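S.K.: Mind looking over this structure? Questions follow.
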Amino acid sequence: MPRLIPAGNYSYNETNYARRRFETLAHPTLGARGTPEAAQTLARLMHRHPMVLHNRNSDQRALKMSDLVSQRQFHRLELYEAVYRPARTEYLMTGGFEFCPGGDVVTFAFGRDGVDFSEDEREMLNLLRPHLRQAYANAHAMTSFQSRLERREQSLEEELNAAVVVVHDLAIKHSSQLATRWLSSFFGDEMGQDDQLPDRLQRWLRFWQPSLDGKQSHLKPCAPLTVESDQSRLNIRMLKTSQDGEMILLLRREVRHDRTELLRERLGLARREAEVLFWISKGKTSREIATILSITRKTTDKHVEHIHRKLGTETRTAAAAIAWAAMRDS
């Protein structure tokens with residue numbers, strides 16, 4: 001847009017008249033040339049802005065400030081004195097679209113200090129409007145899809161206690177949130193720069209790559225890589241390779257204590273419930289347990305509810321006492 005419609009400053013604005021919400025992203029940043037609180041002032045005076053008032057009952061076609069008020073009237077506005085004069089903006093043009101039935105409006109604003117915008121430039125902005133609307137719809141759809149995908153991915157990972165990493169040329173092409181946390185936890189300072197895999201993991205992949213690609217005369221199963229920590233171990237398996245060198249790694253984490261299995265067998269708990277109860281018996285909070293097990297606080301609290309229901313307890317202390325008794329003979 002700056003290449004098509006020259007101006008001294010540009011801004012992207014989202015407005016909801018009913019809720020009196022106004023958000024702006026400006027270049028240069030509002031206040032860079034003027035007062036630091038310019039953006040807040042503009043939001044505060046939104047309901048008195050001539051162009052905003054006009055756009056409440058319009059289809060957001062390109063509009064110039066000079067269509068509504070004279071230059072002298074513009075200079076008398078508090079908006080001009082507080083925002084536009086310090087930014088050296090004498091002429092304004094906006095255009096946009098309504099993007100939801102709730103009244104939210106997107107506008108693009110252009111500001112100049114030398115000469116008003118021409119009719120050709122107004123027509124250019126009107127020609128751009130449907131394309132900008134489609135671009136916004138595409139971005140909104142992609143954001144919604146990505147959000148749903150991340151939620152489903154997190155739910156699946158927590159249910160299976162597994163995570164996925166896609167690797168290409170020994171660099172991480174995609175890593176789920178859980179996989180990223182596990183790699184950082186188990187490899188720490190070994191994590192390379194620019195999404196490079198840890199050196200230990202790279203050596204393991206190089207060792208097994210010829211076998212998986214069929215370049216060795218005697219194929220043998222690819223042994224998983226196991227990385228140990230004080231509390232757990234991480235098992236990494238190579239699931240698939242493609243001709244372009246892309247590999248899929250499946251990560252599974254195992255908590256390194258047998259007492260959770262005792263709790264599971266003796267108290268009739270699910271695996272994850274037994275793990276949560278074990279850490280309750282160690283005096284850990286829900287937040288701490290969520291960090292240890294790489295699950296959310298909400299999921300941890302849900303497991304605690306299930307534990308209380310199965311054990312017939314109401315407090316963590318009572319649940320911990322039952323856990324201690326179950327583990328006493330181990």
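Starting from 1 in every chain, residues are counted up; chains themselves are A, B, ... following the order of the structure tokens, and ligands are numbered from 1 as listed.
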Which residues are near Glu190 of chain A? Cut-off 9 Å, only C-alpha atoms, ignore same chain within fewer than 3 positions. Put them as number ranges by chain.
M.R.: A: 184, 187, 197-200
S.K.: Output N, CA and C atoms for every residue in the selection just made, as a PDB file, in the first residue's frame.
M.R.:
```
ATOM      1  N   SER A 184      14.170 -29.430  25.255  1.00  0.00           N
ATOM      2  CA  SER A 184      14.874 -28.443  26.079  1.00  0.00           C
ATOM      3  C   SER A 184      15.193 -29.017  27.455  1.00  0.00           C
ATOM      4  N   PHE A 187      17.960 -32.094  26.845  1.00  0.00           N
ATOM      5  CA  PHE A 187      19.226 -31.771  26.193  1.00  0.00           C
ATOM      6  C   PHE A 187      19.822 -30.440  26.657  1.00  0.00           C
ATOM      7  N   LEU A 197      19.354 -29.714  15.623  1.00  0.00           N
ATOM      8  CA  LEU A 197      19.185 -30.739  16.646  1.00  0.00           C
ATOM      9  C   LEU A 197      20.419 -30.827  17.534  1.00  0.00           C
ATOM     10  N   PRO A 198      20.259 -31.308  18.770  1.00  0.00           N
ATOM     11  CA  PRO A 198      21.421 -31.532  19.637  1.00  0.00           C
ATOM     12  C   PRO A 198      22.404 -32.486  18.966  1.00  0.00           C
ATOM     13  N   ASP A 199      23.688 -32.308  19.261  1.00  0.00           N
ATOM     14  CA  ASP A 199      24.722 -33.099  18.605  1.00  0.00           C
ATOM     15  C   ASP A 199      24.519 -34.594  18.817  1.00  0.00           C
ATOM     16  N   ARG A 200      24.115 -35.004  20.033  1.00  0.00           N
ATOM     17  CA  ARG A 200      23.894 -36.417  20.318  1.00  0.00           C
ATOM     18  C   ARG A 200      22.798 -36.989  19.435  1.00  0.00           C
TER      19      ARG A 200
END
```
S.K.: What is the distance, in Å and to one decimal place, between atom CA of Gly96 of chain A and atom CA of Gln73 of chain A?
M.R.: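 Atom-to-atom, atom CA of Gly96 of chain A to atom CA of Gln73 of chain A, that is 24.4 Å.
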S.K.: Between atom CA of Glu81 of chain A and atom CA of Leu125 of chain A, what is the distance, to one decimal in Å?
M.R.: 27.0 Å
S.K.: Among the residues of segment 72-279 of chain A, find those DSSP assigns to strand (DSSP E or B) from the backbone and print them as JSON, numbers by chain.
M.R.: {"A": [91, 92, 93, 94, 95, 96, 97, 98, 104, 105, 106, 107, 108, 109, 110, 111, 112, 162, 163, 164, 165, 166, 167, 168, 171, 172, 173, 174, 175, 196, 225, 226, 227, 228, 232, 233, 234, 235, 236, 237, 238, 239, 240, 241, 246, 247, 248, 249, 250, 251, 252, 253, 254, 255]}
S.K.: If we count only C-alpha atoms, what is near Ile236 of chain A at a cut-off of 6 Å, once residues fewer than 4 positions away on the same chain are taken out, given as a PyMOL selection string?
M.R.: chain A and resi 224-225+250-251
S.K.: For those residues, write N, CA and C atoms to a file as a PDB file, in the first residue's frame.
M.R.:
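The resulting selection-v4.pdb:
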```pdb
ATOM      1  N   PRO A 224      15.873 -47.299  19.401  1.00  0.00           N
ATOM      2  CA  PRO A 224      15.538 -45.951  19.867  1.00  0.00           C
ATOM      3  C   PRO A 224      16.695 -45.334  20.640  1.00  0.00           C
ATOM      4  N   LEU A 225      16.715 -44.028  20.645  1.00  0.00           N
ATOM      5  CA  LEU A 225      17.677 -43.293  21.458  1.00  0.00           C
ATOM      6  C   LEU A 225      17.016 -42.995  22.801  1.00  0.00           C
ATOM      7  N   LEU A 250       9.292 -39.735  16.909  1.00  0.00           N
ATOM      8  CA  LEU A 250       8.270 -39.870  17.941  1.00  0.00           C
ATOM      9  C   LEU A 250       8.968 -39.886  19.293  1.00  0.00           C
ATOM     10  N   LEU A 251       8.571 -38.965  20.162  1.00  0.00           N
ATOM     11  CA  LEU A 251       9.158 -38.850  21.490  1.00  0.00           C
ATOM     12  C   LEU A 251       8.161 -39.343  22.530  1.00  0.00           C
TER      13      LEU A 251
END
```
S.K.: Please provide as a compact mmCIF listing (two decimals) with N, CA and C atoms, in the first residue's frame all residues within 10 Å of segment 53-57 of chain A, with the sequence filter that same-chain residues fewer than 2 positions apart are discarded (counting only C-alpha atoms).
M.R.:
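Final output, saved to around.txt:
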```txt
# COMPACT_ATOMS: atom_id res chain seq x y z
N THR A 15 -11.91 -0.91 14.96
CA THR A 15 -12.83 -0.09 15.74
C THR A 15 -14.13 -0.84 15.97
N ASN A 16 -14.66 -0.75 17.19
CA ASN A 16 -16.00 -1.21 17.48
C ASN A 16 -16.73 -0.06 18.15
N TYR A 17 -17.70 0.52 17.44
CA TYR A 17 -18.36 1.72 17.93
C TYR A 17 -19.20 1.43 19.18
N ALA A 18 -19.87 0.29 19.20
CA ALA A 18 -20.75 -0.02 20.32
C ALA A 18 -19.95 -0.16 21.62
N MET A 46 -11.79 8.90 20.04
CA MET A 46 -12.32 8.20 18.87
C MET A 46 -13.76 8.62 18.57
N HIS A 47 -14.59 8.70 19.62
CA HIS A 47 -16.02 8.97 19.42
C HIS A 47 -16.28 10.40 18.93
N ARG A 48 -15.23 11.24 18.88
CA ARG A 48 -15.38 12.61 18.38
C ARG A 48 -14.63 12.83 17.08
N HIS A 49 -14.02 11.79 16.55
CA HIS A 49 -13.26 11.89 15.31
C HIS A 49 -14.25 12.02 14.14
N PRO A 50 -14.17 13.08 13.31
CA PRO A 50 -15.13 13.25 12.20
C PRO A 50 -15.21 12.06 11.27
N MET A 51 -14.07 11.44 10.96
CA MET A 51 -14.06 10.32 10.02
C MET A 51 -14.66 9.08 10.67
N ASP A 59 -20.21 2.34 4.33
CA ASP A 59 -19.66 1.02 3.98
C ASP A 59 -18.14 1.06 3.95
N GLN A 60 -17.55 2.07 4.58
CA GLN A 60 -16.10 2.22 4.73
C GLN A 60 -15.38 2.51 3.40
N ARG A 61 -16.09 3.10 2.44
CA ARG A 61 -15.41 3.53 1.22
C ARG A 61 -14.38 4.60 1.54
N ALA A 62 -13.43 4.79 0.63
CA ALA A 62 -12.35 5.76 0.85
C ALA A 62 -12.93 7.13 1.14
N LEU A 63 -12.39 7.76 2.18
CA LEU A 63 -12.90 9.03 2.67
C LEU A 63 -11.73 9.94 3.02
N LEU A 68 -15.20 16.24 4.91
CA LEU A 68 -16.06 16.45 6.07
C LEU A 68 -15.88 17.82 6.72
N THR A 94 -8.90 7.61 4.65
CA THR A 94 -9.11 6.28 5.21
C THR A 94 -10.02 5.46 4.30
N GLY A 95 -9.94 4.16 4.44
CA GLY A 95 -10.83 3.25 3.72
C GLY A 95 -10.70 1.87 4.35
N GLY A 96 -11.78 1.10 4.33
CA GLY A 96 -11.69 -0.21 4.95
C GLY A 96 -12.92 -1.05 4.71
N PHE A 97 -13.31 -1.83 5.72
CA PHE A 97 -14.43 -2.75 5.57
C PHE A 97 -14.89 -3.19 6.95
N GLY A 103 -20.12 -5.45 14.45
CA GLY A 103 -19.81 -4.04 14.30
C GLY A 103 -18.34 -3.71 14.28
N VAL A 105 -14.89 -2.93 12.70
CA VAL A 105 -14.53 -2.34 11.42
C VAL A 105 -13.01 -2.23 11.33
N THR A 107 -10.00 -0.27 9.25
CA THR A 107 -9.72 0.85 8.35
C THR A 107 -8.21 1.00 8.19
```
S.K.: Which value, in Å to one decimal, gives the distance between atom CA of Phe22 of chain A and atom CA of Arg76 of chain A?
M.R.: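 These two atoms are separated by 22.4 Å.
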S.K.: Might you pull out every residue within 9 Å of Phe99 of chain A, with only C-alpha atoms counted and same-chain residues fewer than 3 positions away left off, and present them as a PyMOL selection string?
M.R.: chain A and resi 102-106+133+136-137
S.K.: Would you return as number ranges by chain the members of segment 99-299 of chain A that DSSP assigns to alpha helix (DSSP H) on this structure's backbone?
M.R.: A: 119-160, 177-187, 199-212, 259-267, 271-281, 286-293, 297-299
